[in-house]
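**Q** My questions will all concern the structure given below.
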Protein chains: 2
Amino acid sequence: MKNQLNQVNFFIPIQNRILLVEEKMREQPDGHHPDLFSALGHLLASGGKRVRPAVALLTGGMYGADQDRLVTLGAAIELLHTATLVHDDLIDGALFRRGIATLNARWSPAATVLTGDYVFARAAKLAAETDSIEVMHLFSETLATIVNGELTQMFTRRGMVSREDYYQRIYAKTASMFELATTAAALLSPANDEVIGVAHQIGNDIGMAFQIVDDVLDFTGEQTTVGKPVASDLRQGLITLPTLYYFEAHPEDPDLRALLDGQYYSEERIERLVGDIRKSGSIDQSMDEARKYIQCALDSLQQQPECSERYALEDLTRYIVERTL
Amino acid sequence: MKNQLNQVNFFIPIQNRILLVEEKMREQPDGHHPDLFSALGHLLASGGKRVRPAVALLTGGMYGADQDRLVTLGAAIELLHTATLVHDDLIDGALFRRGIATLNARWSPAATVLTGDYVFARAAKLAAETDSIEVMHLFSETLATIVNGELTQMFTRRGMVSREDYYQRIYAKTASMFELATTAAALLSPANDEVIGVAHQIGNDIGMAFQIVDDVLDFTGEQTTVGKPVASDLRQGLITLPTLYYFEAHPEDPDLRALLDGQYYSEERIERLVGDIRKSGSIDQSMDEARKYIQCALDSLQQQPECSERYALEDLTRYIVERTL
């Protein structure tokens, strides 16, 4: 995925600045424990597509934001994202992410908690270095939204959820950070409040689509591609959009009922259910939802200033639904 | 301790504002999970002397800082402190703090990690609400310092440490946050850079003394007073100033040697060693160190503007070493 993305068009206008983001994320303040940097290096090496920094750089570029501050913002956002993944992996007991051992698999829980905290601190430091108090406000609100979403998910993991609950969850989990990327980038530019509002909506639309497609890929992807078992969410009792649509069409499906009642561990039932969901129309219905968000984002983008960054951001936006092909 | 402190002089000039700090810490943003607020309420109810907000309020008051922003700062600092305690208790597996069940004792590790993260987010949000980018910088640097200190301690917990290592550790653990309280408070006032530098040093001195006294109390206090077993640090293999002085005077003590070699679990040896340290001059030597810091802070304070806040801050500073009596 990483290699593919590096070859696609939308990275071209920001190639050099993405490298600066990488450097910025790896900066080593004096006097901090060397193991922290090997941990941080390991976390950053385990990939990630740097989609969030790319969105920030392109949005800011489109509105004429200061390039240095955009690079700092991109690094802050990717580190915030990384920190939430460290604590997530610890909470889920995940041993691999993107095919690479998690910190959790190598370090004690205590060291993992603290490393996550350290990455939060680094992210907050970089956010402060954008020298924008509005960006700091957004940044801390986004962190609260993400953590509140995770806790809500933890307290309500079992059982069916409503469409509204699902949208709230993916907003907190993913869209909030894309919204941060576009809004903060616009805030670092001379854009007026109306434009900042548009940027905010574009980030939201891109982020919602991104997570819906991720949730679809969890069903349609192969284990080797996504790095975790097919339907890993469903196996953990986490209901995503394809299952929601499937449930609406087949409310009496005995395998789904069994799963909702807490009988998670019948592999035969799970596999049959996953097969049924994949064959059903709910995958297409979910992709249609994602495409609606993408279309909204594209409609907004087409009214923004014409420039290479805008075209690249349109490419990136389209790519979010195309990556399922 | 809490009741005693509420009765001492130095709370008088800030009585009302400390209550506003309490309110601010408990504010409930819309849409966040109710269990988060019960957890936060539990954390805040389990006491804490609110010494850090008091230091911030008094320092800011002395220099004429805006009162609303000082209250916000005080709440941000106490929440940052609270968040680090949540993750600390999780890491140490502590079931009680100040005689009250920790979150860790009541919730799963996953919920505890996330609640700590949430309290960090709330702290960062309040720090941003001071509307000072310098305060945000300091705030995120302090968080990085604290976490780096905890990780360093974790990686080097066993064995003797140097005096320098000890001072670095207590700086990271405690003094950095007092330094944040005084420096950020001064930054919110019209004080010039020289005054801000003095405030910074006062916070450092108060914080260093505070932790040394805490480390002495760990030896001299009774379990009922401090809420944990006597010499709990030593029992965990953590070397503090009294043990350092004792080691310098008795490098061949067989009980200390055994402990340093990792033979932690001989209760008889530990008790004998603790008794020997308590009887030795190392408790007085440690208190002398604390008094030196207190004297430096008082010398600096006496050159600051005469006002009720300054006198109260002097009382608070003196109280730090007097509380052992």
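Identifiers in this document derive from the order of the structure tokens: chains are assigned A, B, ..., residues are numbered from 1 separately in each chain, and ligands are numbered from 1 in order of occurrence.
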Among region 99-175 of chain A, which ones does DSSP assign to alpha helix (DSSP H) (computed from the backbone)? Answer as a ChimeraX atom specification.
**A** /A:103-106,109-129,133-155,163-170
**Q** Output the contact residues of chain B with respect to chain A at a cut-off of 6 Å, based on only C-alpha atoms, as a compact mmCIF listing (two decimals) with N, CA and C atoms, in the first residue's frame.
**A**
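In the end it all went to iface_26.txt:
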# COMPACT_ATOMS: atom_id res chain seq x y z
N ILE B 91 0.56 1.43 35.92
CA ILE B 91 1.88 0.83 35.71
C ILE B 91 2.37 0.12 36.96
N ALA B 110 -7.59 -1.42 30.14
CA ALA B 110 -7.91 -0.69 28.90
C ALA B 110 -8.66 0.60 29.22
N TYR B 118 -7.88 10.54 28.29
CA TYR B 118 -8.95 11.54 28.27
C TYR B 118 -8.61 12.71 29.20
N ALA B 121 -6.22 14.87 27.52
CA ALA B 121 -6.88 15.69 26.50
C ALA B 121 -7.58 16.89 27.14
N ALA B 124 -4.98 19.39 28.15
CA ALA B 124 -4.46 20.12 26.99
C ALA B 124 -5.48 21.15 26.51
N LYS B 125 -6.75 20.77 26.58
CA LYS B 125 -7.82 21.68 26.17
C LYS B 125 -7.80 22.93 27.05
N ALA B 128 -4.85 25.12 26.34
CA ALA B 128 -5.08 25.93 25.13
C ALA B 128 -5.99 27.12 25.45
N MET B 136 1.28 26.83 26.15
CA MET B 136 1.12 25.54 25.46
C MET B 136 2.47 24.87 25.24
N HIS B 137 3.45 25.65 24.83
CA HIS B 137 4.80 25.10 24.63
C HIS B 137 5.30 24.45 25.92
N SER B 140 3.40 21.19 26.90
CA SER B 140 3.73 19.96 26.18
C SER B 140 5.15 19.52 26.50
N LEU B 143 4.99 17.72 29.85
CA LEU B 143 4.48 16.36 29.70
C LEU B 143 5.58 15.44 29.18
N ALA B 144 6.32 15.89 28.17
CA ALA B 144 7.41 15.05 27.62
C ALA B 144 8.46 14.78 28.69
N VAL B 147 7.08 12.13 31.24
CA VAL B 147 6.99 10.77 30.69
C VAL B 147 8.39 10.21 30.44
**Q** What's around Leu57 (chain B) at 12 Å? Count only C-alpha atoms, leave out sequence neighbours fewer than 4 positions away in its own chain, and write the answer as a PyMOL selection string.
**A** chain B and resi 10-21+50-53+61-75+77-78+178+181-186+188-189+308-310+312-313
**Q** Residues within 9 Å of Ile320 (chain A), please, as a PyMOL selection string. Count only C-alpha atoms; anything in the same chain fewer than 4 positions from it doesn't count.
**A** chain A and resi 206+209-210+213+290+294+315-316+324
**Q** Can you tell me which residues surround Glu179 (chain B) at a distance of at most 10 Å, considering only C-alpha atoms, apart from same-chain residues fewer than 6 positions away, and format the answer as a list in words?
**A**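 Near Glu179 (chain B), the qualifying residues are Arg52, Val55, Ala56, Leu138, Thr142, Tyr171, Ala185, Ala199, His200, Gln201, Ile202, Gly203, Asn204, Asp205, Ile206, Gly207 and Met208 of chain B.
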**Q** Just write the chosen residues, C-alpha atoms, as an mmCIF file, in the first residue's frame.
**A**
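Output file out-v6.cif is given in full below:
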data_model
loop_
_atom_site.group_PDB
_atom_site.id
_atom_site.type_symbol
_atom_site.label_atom_id
_atom_site.label_comp_id
_atom_site.auth_asym_id
_atom_site.auth_seq_id
_atom_site.Cartn_x
_atom_site.Cartn_y
_atom_site.Cartn_z
ATOM 1 C CA ARG B 52 0.076 22.979 42.169
ATOM 2 C CA VAL B 55 1.229 27.806 43.491
ATOM 3 C CA ALA B 56 -0.013 28.921 40.072
ATOM 4 C CA LEU B 138 5.702 24.752 28.297
ATOM 5 C CA THR B 142 6.539 19.365 30.734
ATOM 6 C CA TYR B 171 13.004 17.134 38.551
ATOM 7 C CA ALA B 185 1.459 31.926 35.753
ATOM 8 C CA ALA B 199 9.404 32.617 38.729
ATOM 9 C CA HIS B 200 10.839 29.621 36.878
ATOM 10 C CA GLN B 201 13.572 29.195 39.481
ATOM 11 C CA ILE B 202 11.138 29.566 42.390
ATOM 12 C CA GLY B 203 8.941 26.801 40.945
ATOM 13 C CA ASN B 204 11.969 24.581 40.487
ATOM 14 C CA ASP B 205 13.165 25.129 44.077
ATOM 15 C CA ILE B 206 9.724 24.546 45.576
ATOM 16 C CA GLY B 207 9.234 21.409 43.487
ATOM 17 C CA MET B 208 12.633 19.893 44.305
#
**Q** Using DSSP on the backbone coordinates, identify all residues within region 13-243 of chain B classified as strand (DSSP E); present the result as a PyMOL selection string.
**A** chain B and resi 96-97+100-101
**Q** Which distance in Å separates CA of Ser46 (chain B) and CA of Thr82 (chain B), to one decimal?
**A** 10.4 Å
**Q** I'd like the contact shell of Leu238 (chain A) - 10 Å cut-off, only C-alpha atoms, skipping same-chain residues fewer than 5 positions apart - returned as number ranges by chain.
**A** A: 153-154, 156-161, 166, 231-233, 243, 260
**Q** What would the file look like if the residues just selected were written as a tab-separated table (two decimals), in the first residue's frame with C-alpha atoms?
**A**
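As written to disk, out-v5.tsv reads:
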chain	number	residue	atom	x	y	z
A	153	GLN	CA	-16.94	1.77	21.87
A	154	MET	CA	-15.40	-0.18	24.74
A	156	THR	CA	-20.87	-0.73	24.15
A	157	ARG	CA	-18.90	-3.16	22.04
A	158	ARG	CA	-21.38	-6.01	22.25
A	159	GLY	CA	-24.63	-6.15	20.35
A	160	MET	CA	-26.19	-4.33	17.43
A	161	VAL	CA	-25.74	-0.59	17.09
A	166	TYR	CA	-21.88	3.81	13.79
A	231	ALA	CA	-13.75	-9.60	9.28
A	232	SER	CA	-11.57	-8.98	12.32
A	233	ASP	CA	-14.04	-6.34	13.52
A	243	THR	CA	-23.03	-5.81	8.91
A	260	LEU	CA	-25.14	-10.59	18.79
**Q** Measuring between only C-alpha atoms, which one of A:Ser282, A:Ser176, A:Thr220, A:Gln302 shows the shortest distance to Arg323 (chain A)?
**A**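 Checking each candidate against Arg323 (chain A), we get A:Thr220 as the closest.
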**Q** How far is it from CA of Glu314 (chain B) to CA of Val195 (chain B), in Å with one decimal?
**A**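 So the two atoms, CA of Glu314 (chain B) and CA of Val195 (chain B), lie 16.8 Å apart.
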